[in-house]
Amino acid sequence: MCVAHPVLCIFFIHDVPMTESSQQSYLFILTASLLFFLLQTGHLLSQVATPASPADYIFKKLTVEDGLSNNIVSAVLEDHYGYIWIGTNRGLNRYDGYQIRSFIHDPNDSLSIADGSVTSLAADHSGNLWIGTEKGLMRFDYASEQFTLYPQSLPQKNTIRSLFVDDNNTLWAGNELGVYTFDRSSGKFLLKHTADKGIAVNHITKDIFNNYYFGTWEKGVLMKNANYKTYILRDLAAITQTDNRNFNIVAAIHIDHYGTVWIGTVEGLFTTRISTDISSSIPRFFDFREERGTINNLSNNHIHAINEDSKGNIWIGTEYGLNIYNPQTNELKNILNVHNDPGSLSNNLVRTIYRDSNGIMWVGTYQGGLNIYYPDYNRFHDHFPEVNNSEIQMQRYIKSIASDTDGNIWIGSDYGLLKTSFENKDIRYYTHEPGNPASLNKGGVSAIHIDRQQRMWIGTWGGGVHEFDPVAETFRRLPWKESERNNPLYQGDINIRAIHEDREGYLWFGSTRGYLDKYNPDTGLFEHFFLSHPDSEINAEVIYITNDTEDNVWIGTLAGGLYQYERKSGKITQYLSEGYRGDQAFGLLSSNDAYCIHFSGEQTAWVGTNNGLDFINFKTGEKKQYTASDGLASNLIYNIQEDFSGNLWLSTKRGSANSMSAATFSSTMTPPMVSGSMQNAATQMPRVGSSLEA
């Protein structure tokens, strides 16, 4: 499952010049098609003008591509186990923060969920999960994962429009004929209120004084007075003194922590106040411009859902857009879908809004699946919307990032090389120009390195390595010496995945064909290595290069495991997973796909693989493997970086960055229910390593 785009790399850029008076350090998180920048200071974004920009509210997504049974989401609920249940037009889904388990009707199984839409969800105090469907009420059994249907519990009309569990554990339900409570012992509903021609109930809630509020179809608001146990029907169309009966179609009611009752209709919003006696309570139409003097009004008057976030903001879902209102500042923000922005609202028709116990907001849409808003996302800001929202798809495929001492940010994509900065935001593209030998040989830039002398080295996808002169804006393809023209870097169609500079100033280039080159930029001479065993047809695709504390070079590869180049002896040692190539069962790595390595001491390191995270002591041969069962967001670890507080950040396939310090870690972009902790432990392993001469 991929809730958002995979986080491929993480970059820390120190002391990026912002103004003449201030500098900041930035954490860069690189995704497959979206580039966000995180202020390492941790401050939230300052308030901006309405309507809200895309960066103000960034949403993760759950859709059918992630395993959701349908993209039309009608109900969301968190149960007492911490699971998130998602009702759709085609079945029910259970989400644990990583994976989705779908429950769909099986015509051959009478204990499967009923056919049709899930209309509402409720969890009672006894741990039961209740599901409202078009076929009636259902109860989910956690032990057997089966459903019990109560098809004849409601007279004539079985469709459940709304469910609600009160403080006494009473289950209330609304259908097309009235308001009911459910008798668990008999499995029957007891009629509480109806009208001569029936009263369809869309929504049920109650206040702290035990007054109940029922949103109806074309009848207005039905209120049950706790003091007199009487029902009062408020005709909202009459209150507005119009003949527009759409004012009486009430789809949502929410009572905020200030005691305001928010009533959403097809024609707009009404409010009233809670009290011990609501017999004299008259809702009134709420116009944001007239009532509060806000710049905006609702994006659409047809309201489907209302809820409140942990900061007291009122979230209003409409036929066209999400609206967020701050009662303290009177600011109303309109949140809409932005074309080509994967962080924006997926669809403008918002059907349901839910806040879980951790303050995470879940926004269900029509045909757009589920949008998930984490309050911490406000730390992320899209500084370059021209890139991220570009109509040219190749510009959005970001592969590498670097910064120079002048404050320029260099970004490599499938489109070419991009130059920009935080200060002026101007963008300059460098691409392949046919007939111009001083341009990029091929357009895709997969690696960027700026060395100690501020020379720029550009690795391309299919065109080898280029040295770039940013003043003359010209590229020179390596090798530039005639004697080196038989170098595969020059002759072949070479994809460069990694560029690294060691402490002596040598540059290391890694490619997808198993070629590893050590380059002296002063003499233009190469030393060549081929990373593959002679008895194997598998080339080790080089994807990561780094140094340890003794300046030995370590190379992470796909299929070939991990290689160490010993600086003093020039010997190469290969580390592999257990059972690889018959008698060479080294067993140090969890997988031969070694995506990255981060050293935490002279002989200890963290290695990211496609089978989890390995903590290895190369001196003793001890290791400990951590996987998703320990709380990792994914078993595929793309990159590891250490921040300025000593925390490790892990980028993973699930679009999440786990932060870790010493022996524990916490998942910062996924629901807390899937967070975990790790204890440093090691299992004694046999001596490992095989030698290959350069």
# chains A, B, ... in the order shown; residues from 1 in each chain; ligands from 1
>>> select_by_dssp(residues="region 240-307 of chain A", states="helix (DSSP H, G or I)", output="mmCIF file with all heavy atoms, in the first residue's frame")
data_model
loop_
_atom_site.group_PDB
_atom_site.id
_atom_site.type_symbol
_atom_site.label_atom_id
_atom_site.label_comp_id
_atom_site.auth_asym_id
_atom_site.auth_seq_id
_atom_site.Cartn_x
_atom_site.Cartn_y
_atom_site.Cartn_z
ATOM 1 N N ARG A 245 -37.669 24.908 0.382
ATOM 2 C CA ARG A 245 -37.688 23.772 1.306
ATOM 3 C C ARG A 245 -36.308 23.122 1.439
ATOM 4 O O ARG A 245 -36.103 22.292 2.322
ATOM 5 C CB ARG A 245 -38.692 22.714 0.834
ATOM 6 C CG ARG A 245 -40.111 23.238 0.635
ATOM 7 C CD ARG A 245 -40.627 23.987 1.849
ATOM 8 N NE ARG A 245 -40.720 23.138 3.032
ATOM 9 C CZ ARG A 245 -41.012 23.579 4.253
ATOM 10 N NH1 ARG A 245 -41.202 24.881 4.451
ATOM 11 N NH2 ARG A 245 -41.093 22.748 5.263
ATOM 12 N N ASN A 246 -35.346 23.501 0.576
ATOM 13 C CA ASN A 246 -33.999 22.942 0.707
ATOM 14 C C ASN A 246 -33.334 23.354 2.017
ATOM 15 O O ASN A 246 -32.401 22.699 2.475
ATOM 16 C CB ASN A 246 -33.128 23.375 -0.466
ATOM 17 C CG ASN A 246 -33.462 22.627 -1.748
ATOM 18 O OD1 ASN A 246 -34.014 21.529 -1.701
ATOM 19 N ND2 ASN A 246 -33.150 23.226 -2.882
ATOM 20 N N PHE A 247 -33.801 24.457 2.611
ATOM 21 C CA PHE A 247 -33.273 24.841 3.920
ATOM 22 C C PHE A 247 -33.569 23.776 4.974
ATOM 23 O O PHE A 247 -32.902 23.712 6.004
ATOM 24 C CB PHE A 247 -33.871 26.180 4.363
ATOM 25 C CG PHE A 247 -33.235 27.373 3.715
ATOM 26 C CD1 PHE A 247 -33.932 28.128 2.778
ATOM 27 C CD2 PHE A 247 -31.939 27.751 4.021
ATOM 28 C CE1 PHE A 247 -33.349 29.233 2.180
ATOM 29 C CE2 PHE A 247 -31.346 28.856 3.424
ATOM 30 C CZ PHE A 247 -32.049 29.596 2.496
ATOM 31 N N ASN A 248 -34.585 22.959 4.726
ATOM 32 C CA ASN A 248 -34.981 21.936 5.700
ATOM 33 C C ASN A 248 -34.310 20.585 5.457
ATOM 34 O O ASN A 248 -34.575 19.629 6.177
ATOM 35 C CB ASN A 248 -36.496 21.760 5.687
ATOM 36 C CG ASN A 248 -37.201 22.849 6.469
ATOM 37 O OD1 ASN A 248 -36.649 23.383 7.426
ATOM 38 N ND2 ASN A 248 -38.419 23.190 6.062
ATOM 39 N N PHE A 288 -21.274 34.087 6.824
ATOM 40 C CA PHE A 288 -19.959 34.450 7.339
ATOM 41 C C PHE A 288 -19.636 35.920 7.108
ATOM 42 O O PHE A 288 -19.065 36.581 7.968
ATOM 43 C CB PHE A 288 -18.882 33.562 6.700
ATOM 44 C CG PHE A 288 -18.848 32.174 7.256
ATOM 45 C CD1 PHE A 288 -19.546 31.144 6.649
ATOM 46 C CD2 PHE A 288 -18.138 31.898 8.409
ATOM 47 C CE1 PHE A 288 -19.528 29.861 7.170
ATOM 48 C CE2 PHE A 288 -18.110 30.628 8.940
ATOM 49 C CZ PHE A 288 -18.812 29.605 8.320
ATOM 50 N N ARG A 289 -19.992 36.439 5.956
ATOM 51 C CA ARG A 289 -19.681 37.840 5.686
ATOM 52 C C ARG A 289 -20.510 38.774 6.548
ATOM 53 O O ARG A 289 -20.009 39.761 7.099
ATOM 54 C CB ARG A 289 -19.910 38.140 4.207
ATOM 55 C CG ARG A 289 -18.875 37.472 3.302
ATOM 56 C CD ARG A 289 -19.190 37.692 1.840
ATOM 57 N NE ARG A 289 -18.221 37.018 0.981
ATOM 58 C CZ ARG A 289 -18.411 36.802 -0.306
ATOM 59 N NH1 ARG A 289 -19.520 37.199 -0.887
ATOM 60 N NH2 ARG A 289 -17.485 36.196 -1.021
ATOM 61 N N GLU A 290 -21.781 38.476 6.688
ATOM 62 C CA GLU A 290 -22.649 39.344 7.480
ATOM 63 C C GLU A 290 -22.419 39.167 8.974
ATOM 64 O O GLU A 290 -22.410 40.126 9.736
ATOM 65 C CB GLU A 290 -24.108 39.068 7.136
ATOM 66 C CG GLU A 290 -24.494 39.477 5.717
ATOM 67 C CD GLU A 290 -25.960 39.223 5.437
ATOM 68 O OE1 GLU A 290 -26.677 38.839 6.384
ATOM 69 O OE2 GLU A 290 -26.380 39.411 4.285
ATOM 70 N N GLU A 291 -22.246 37.905 9.394
ATOM 71 C CA GLU A 291 -22.135 37.625 10.825
ATOM 72 C C GLU A 291 -20.753 37.962 11.381
ATOM 73 O O GLU A 291 -20.625 38.464 12.493
ATOM 74 C CB GLU A 291 -22.419 36.140 11.089
ATOM 75 C CG GLU A 291 -23.844 35.709 10.769
ATOM 76 C CD GLU A 291 -24.810 36.108 11.856
ATOM 77 O OE1 GLU A 291 -24.359 36.414 12.973
ATOM 78 O OE2 GLU A 291 -26.025 36.125 11.590
ATOM 79 N N ARG A 292 -19.706 37.655 10.607
ATOM 80 C CA ARG A 292 -18.354 37.750 11.156
ATOM 81 C C ARG A 292 -17.437 38.648 10.331
ATOM 82 O O ARG A 292 -16.287 38.841 10.689
ATOM 83 C CB ARG A 292 -17.730 36.347 11.249
ATOM 84 C CG ARG A 292 -18.444 35.434 12.244
ATOM 85 C CD ARG A 292 -18.235 35.908 13.681
ATOM 86 N NE ARG A 292 -18.823 34.999 14.632
ATOM 87 C CZ ARG A 292 -20.029 35.123 15.148
ATOM 88 N NH1 ARG A 292 -20.808 36.125 14.756
ATOM 89 N NH2 ARG A 292 -20.488 34.261 16.029
#
>>> atom_distance(atom1="CA of Gln574 (chain A)", atom2="CA of Ala633 (chain A)")
28.3 Å
>>> residues_around(residues="Glu467 (chain A)", least_positions_apart="4", cutoff="6 Å", atoms="only C-alpha atoms", output="MDAnalysis selection string")
chainID A and resid 456:457 475:476
>>> write_last_selection(atoms="C-alpha atoms", output="CSV table (one decimal), in the first residue's frame")
chain,number,residue,atom,x,y,z
A,456,MET,CA,29.6,20.7,-10.0
A,457,TRP,CA,29.3,17.1,-11.1
A,475,PHE,CA,28.7,21.0,-19.6
A,476,ARG,CA,31.7,18.8,-20.3
>>> atom_distance(atom1="CA of Thr216 (chain A)", atom2="CA of Arg94 (chain A)")
29.1 Å
>>> closest_residue(among="A:Gly601, A:Gly464, A:Gly510, A:Gly587", to="Gln625 (chain A)", atoms="only C-alpha atoms")
A:Gly587
>>> atom_distance(atom1="CA of Gly435 (chain A)", atom2="CA of Ile458 (chain A)")
19.6 Å
>>> closest_residue(among="A:Thr609, A:Thr549, A:Thr63, A:Ser651", to="Ile372 (chain A)", atoms="only C-alpha atoms")
A:Thr63
>>> closest_residue(among="A:Asn552, A:Thr523, A:Gln395, A:Ser629", to="Arg503 (chain A)", atoms="only C-alpha atoms")
A:Asn552
>>> closest_residue(among="A:Ser403, A:Asn436, A:Thr159, A:Asn297", to="Leu269 (chain A)", atoms="only C-alpha atoms")
A:Asn297
>>> residues_around(residues="Tyr180 (chain A)", least_positions_apart="6", cutoff="6 Å", atoms="only C-alpha atoms", output="PyMOL selection string")
chain A and resi 172-173+189-192
>>> write_last_selection(atoms="N, CA and C atoms", output="compact mmCIF listing (two decimals), in the first residue's frame")
# COMPACT_ATOMS: atom_id res chain seq x y z
N TRP A 172 -28.82 4.58 18.79
CA TRP A 172 -29.89 5.29 18.07
C TRP A 172 -29.67 5.11 16.58
N ALA A 173 -30.79 5.11 15.85
CA ALA A 173 -30.70 4.99 14.40
C ALA A 173 -31.78 5.84 13.75
N PHE A 189 -35.70 -2.70 16.65
CA PHE A 189 -35.68 -1.26 16.89
C PHE A 189 -36.99 -0.82 17.51
N LEU A 190 -36.89 0.14 18.41
CA LEU A 190 -38.06 0.73 19.06
C LEU A 190 -38.26 2.14 18.52
N LEU A 191 -39.44 2.42 17.98
CA LEU A 191 -39.73 3.72 17.40
C LEU A 191 -39.80 4.79 18.49
N LYS A 192 -39.07 5.89 18.30
CA LYS A 192 -39.07 6.98 19.26
C LYS A 192 -39.83 8.19 18.76
>>> residues_around(residues="region 612-619 of chain A", least_positions_apart="5", cutoff="7 Å", atoms="only C-alpha atoms", output="list of chain:residue names")
A:Leu589, A:Ser590, A:Gln603, A:Thr604, A:Ala605, A:Trp606, A:Val607, A:Lys624, A:Gln625, A:Tyr626, A:Thr627, A:Asn635, A:Leu636, A:Ile637
>>> select_by_dssp(residues="region 277-485 of chain A", states="strand (DSSP E or B)", output="PDB file with C-alpha atoms, in the first residue's frame")
ATOM      1  CA  ARG A 284     -30.658  31.276  12.763  1.00  0.00           C
ATOM      2  CA  PHE A 285     -29.049  31.409   9.355  1.00  0.00           C
ATOM      3  CA  PHE A 286     -25.299  32.010   9.569  1.00  0.00           C
ATOM      4  CA  ILE A 303     -23.254  21.111   3.202  1.00  0.00           C
ATOM      5  CA  HIS A 304     -22.614  17.390   3.685  1.00  0.00           C
ATOM      6  CA  ALA A 305     -20.441  17.239   6.825  1.00  0.00           C
ATOM      7  CA  ILE A 306     -19.306  19.311   9.817  1.00  0.00           C
ATOM      8  CA  ASN A 307     -16.652  18.557  12.434  1.00  0.00           C
ATOM      9  CA  GLU A 308     -14.124  20.305  14.665  1.00  0.00           C
ATOM     10  CA  ILE A 314     -14.817  24.154  12.334  1.00  0.00           C
ATOM     11  CA  TRP A 315     -14.452  21.974   9.242  1.00  0.00           C
ATOM     12  CA  ILE A 316     -17.350  22.193   6.794  1.00  0.00           C
ATOM     13  CA  GLY A 317     -17.541  19.795   3.857  1.00  0.00           C
ATOM     14  CA  THR A 318     -19.661  20.885   0.923  1.00  0.00           C
ATOM     15  CA  GLY A 321     -14.835  22.155  -1.416  1.00  0.00           C
ATOM     16  CA  LEU A 322     -13.774  21.987   2.212  1.00  0.00           C
ATOM     17  CA  ASN A 323     -14.074  25.092   4.401  1.00  0.00           C
ATOM     18  CA  ILE A 324     -12.197  25.665   7.662  1.00  0.00           C
ATOM     19  CA  TYR A 325     -13.447  28.380  10.002  1.00  0.00           C
ATOM     20  CA  ASN A 326     -11.610  29.762  13.040  1.00  0.00           C
ATOM     21  CA  GLU A 331     -10.986  33.551   9.358  1.00  0.00           C
ATOM     22  CA  LEU A 332     -12.606  31.238   6.818  1.00  0.00           C
ATOM     23  CA  LYS A 333     -10.391  29.232   4.459  1.00  0.00           C
ATOM     24  CA  ASN A 334     -11.638  27.528   1.305  1.00  0.00           C
ATOM     25  CA  ILE A 335      -9.729  24.305   0.582  1.00  0.00           C
ATOM     26  CA  VAL A 350     -16.714  16.235   0.637  1.00  0.00           C
ATOM     27  CA  ARG A 351     -19.139  13.660   2.063  1.00  0.00           C
ATOM     28  CA  THR A 352     -17.851  13.027   5.598  1.00  0.00           C
ATOM     29  CA  ILE A 353     -15.355  14.500   8.101  1.00  0.00           C
ATOM     30  CA  TYR A 354     -14.030  12.652  11.157  1.00  0.00           C
ATOM     31  CA  ARG A 355     -11.516  13.495  13.891  1.00  0.00           C
ATOM     32  CA  MET A 361      -8.689  14.636  10.438  1.00  0.00           C
ATOM     33  CA  TRP A 362     -10.188  12.178   7.931  1.00  0.00           C
ATOM     34  CA  VAL A 363     -12.047  13.684   4.980  1.00  0.00           C
ATOM     35  CA  GLY A 364     -14.096  11.323   2.810  1.00  0.00           C
ATOM     36  CA  THR A 365     -14.903  12.445  -0.707  1.00  0.00           C
ATOM     37  CA  LEU A 370     -10.093   9.413   1.770  1.00  0.00           C
ATOM     38  CA  ASN A 371      -7.938  12.444   2.582  1.00  0.00           C
ATOM     39  CA  ILE A 372      -5.891  12.370   5.793  1.00  0.00           C
ATOM     40  CA  TYR A 373      -4.692  15.545   7.460  1.00  0.00           C
ATOM     41  CA  PHE A 380       6.048  21.203   5.570  1.00  0.00           C
ATOM     42  CA  HIS A 381       5.906  23.911   2.944  1.00  0.00           C
ATOM     43  CA  ILE A 398      12.786  14.773  -8.734  1.00  0.00           C
ATOM     44  CA  LYS A 399      15.893  12.576  -8.396  1.00  0.00           C
ATOM     45  CA  SER A 400      18.524  14.698  -6.617  1.00  0.00           C
ATOM     46  CA  ILE A 401      19.107  17.944  -4.694  1.00  0.00           C
ATOM     47  CA  ALA A 402      22.194  19.997  -3.792  1.00  0.00           C
ATOM     48  CA  SER A 403      22.992  23.529  -2.631  1.00  0.00           C
ATOM     49  CA  ASN A 408      21.384  28.358  -4.991  1.00  0.00           C
ATOM     50  CA  ILE A 409      19.372  25.139  -4.912  1.00  0.00           C
ATOM     51  CA  TRP A 410      20.150  22.672  -7.703  1.00  0.00           C
ATOM     52  CA  ILE A 411      17.488  20.077  -8.480  1.00  0.00           C
ATOM     53  CA  GLY A 412      17.865  17.118 -10.816  1.00  0.00           C
ATOM     54  CA  SER A 413      14.794  15.669 -12.514  1.00  0.00           C
ATOM     55  CA  GLY A 416      17.123  18.028 -16.685  1.00  0.00           C
ATOM     56  CA  LEU A 417      18.895  20.317 -14.227  1.00  0.00           C
ATOM     57  CA  LEU A 418      17.076  23.130 -12.423  1.00  0.00           C
ATOM     58  CA  LYS A 419      18.588  26.119 -10.634  1.00  0.00           C
ATOM     59  CA  THR A 420      16.583  28.167  -8.118  1.00  0.00           C
ATOM     60  CA  SER A 421      16.879  29.709  -4.654  1.00  0.00           C
ATOM     61  CA  ARG A 428      16.520  28.217 -14.745  1.00  0.00           C
ATOM     62  CA  TYR A 429      16.365  24.909 -16.626  1.00  0.00           C
ATOM     63  CA  TYR A 430      19.284  23.138 -18.302  1.00  0.00           C
ATOM     64  CA  VAL A 445      19.661  14.215 -14.058  1.00  0.00           C
ATOM     65  CA  SER A 446      19.889  11.462 -11.468  1.00  0.00           C
ATOM     66  CA  ALA A 447      22.755  12.677  -9.235  1.00  0.00           C
ATOM     67  CA  ILE A 448      24.310  16.050  -8.291  1.00  0.00           C
ATOM     68  CA  HIS A 449      27.478  16.649  -6.299  1.00  0.00           C
ATOM     69  CA  ILE A 450      29.242  19.932  -5.505  1.00  0.00           C
ATOM     70  CA  MET A 456      29.595  20.677  -9.956  1.00  0.00           C
ATOM     71  CA  TRP A 457      29.343  17.072 -11.103  1.00  0.00           C
ATOM     72  CA  ILE A 458      26.143  15.912 -12.775  1.00  0.00           C
ATOM     73  CA  GLY A 459      25.167  12.265 -13.133  1.00  0.00           C
ATOM     74  CA  THR A 460      22.622  11.558 -15.844  1.00  0.00           C
ATOM     75  CA  TRP A 461      20.263   8.762 -16.775  1.00  0.00           C
ATOM     76  CA  VAL A 465      28.824  12.078 -15.910  1.00  0.00           C
ATOM     77  CA  HIS A 466      29.190  15.779 -16.740  1.00  0.00           C
ATOM     78  CA  GLU A 467      31.224  18.554 -15.158  1.00  0.00           C
ATOM     79  CA  PHE A 468      29.161  21.749 -15.113  1.00  0.00           C
ATOM     80  CA  ASP A 469      30.478  25.308 -15.156  1.00  0.00           C
ATOM     81  CA  THR A 474      28.358  24.749 -20.052  1.00  0.00           C
ATOM     82  CA  PHE A 475      28.655  21.001 -19.558  1.00  0.00           C
ATOM     83  CA  ARG A 476      31.684  18.789 -20.279  1.00  0.00           C
ATOM     84  CA  ARG A 477      31.129  15.057 -20.423  1.00  0.00           C
TER      85      ARG A 477
END
>>> closest_residue(among="A:Val201, A:Ile160, A:Val387, A:Ile249", to="Gly178 (chain A)", atoms="only C-alpha atoms")
A:Val201
>>> residues_around(residues="Ala200 (chain A)", least_positions_apart="2", cutoff="7 Å", atoms="only C-alpha atoms", output="list in words")
Gly174, Asn175, Glu176, Leu177, Gly178, Gly198, Asn202, Thr216 and Trp217 of chain A
>>> write_last_selection(atoms="C-alpha atoms", output="tab-separated table (two decimals), in the first residue's frame")
chain	number	residue	atom	x	y	z
A	174	GLY	CA	-32.41	7.10	11.82
A	175	ASN	CA	-34.07	5.79	8.71
A	176	GLU	CA	-36.57	7.09	6.17
A	177	LEU	CA	-39.48	6.79	8.61
A	178	GLY	CA	-38.20	8.20	11.89
A	198	GLY	CA	-42.68	9.86	8.05
A	202	ASN	CA	-29.95	11.95	8.28
A	216	THR	CA	-33.99	15.45	8.78
A	217	TRP	CA	-34.86	15.35	5.11
>>> closest_residue(among="A:Ser281, A:Asn169, A:Asn539, A:Thr148", to="Asn211 (chain A)", atoms="only C-alpha atoms")
A:Ser281
>>> residues_around(residues="Ile545 (chain A)", least_positions_apart="5", cutoff="6 Å", atoms="only C-alpha atoms", output="mmCIF file with all heavy atoms, in the first residue's frame")
data_model
loop_
_atom_site.group_PDB
_atom_site.id
_atom_site.type_symbol
_atom_site.label_atom_id
_atom_site.label_comp_id
_atom_site.auth_asym_id
_atom_site.auth_seq_id
_atom_site.Cartn_x
_atom_site.Cartn_y
_atom_site.Cartn_z
ATOM 1 N N HIS A 500 30.020 10.441 -5.118
ATOM 2 C CA HIS A 500 30.512 10.657 -3.757
ATOM 3 C C HIS A 500 31.941 11.187 -3.802
ATOM 4 O O HIS A 500 32.742 10.783 -4.662
ATOM 5 C CB HIS A 500 30.469 9.353 -2.960
ATOM 6 C CG HIS A 500 31.070 9.467 -1.594
ATOM 7 N ND1 HIS A 500 30.473 10.162 -0.568
ATOM 8 C CD2 HIS A 500 32.243 8.980 -1.096
ATOM 9 C CE1 HIS A 500 31.236 10.098 0.502
ATOM 10 N NE2 HIS A 500 32.316 9.393 0.215
ATOM 11 N N TRP A 554 32.215 2.792 1.179
ATOM 12 C CA TRP A 554 31.200 1.745 1.233
ATOM 13 C C TRP A 554 30.208 1.981 0.104
ATOM 14 O O TRP A 554 29.775 3.100 -0.133
ATOM 15 C CB TRP A 554 30.484 1.748 2.578
ATOM 16 C CG TRP A 554 31.381 1.328 3.716
ATOM 17 C CD1 TRP A 554 32.320 2.090 4.342
ATOM 18 C CD2 TRP A 554 31.412 0.057 4.339
ATOM 19 N NE1 TRP A 554 32.950 1.373 5.318
ATOM 20 C CE2 TRP A 554 32.405 0.108 5.350
ATOM 21 C CE3 TRP A 554 30.710 -1.127 4.155
ATOM 22 C CZ2 TRP A 554 32.701 -0.976 6.154
ATOM 23 C CZ3 TRP A 554 30.997 -2.211 4.966
ATOM 24 C CH2 TRP A 554 31.985 -2.137 5.956
ATOM 25 N N ILE A 555 29.850 0.890 -0.560
ATOM 26 C CA ILE A 555 28.992 0.974 -1.734
ATOM 27 C C ILE A 555 27.764 0.089 -1.526
ATOM 28 O O ILE A 555 27.887 -1.126 -1.335
ATOM 29 C CB ILE A 555 29.748 0.527 -3.011
ATOM 30 C CG1 ILE A 555 31.013 1.378 -3.196
ATOM 31 C CG2 ILE A 555 28.838 0.630 -4.225
ATOM 32 C CD1 ILE A 555 32.278 0.684 -2.753
#
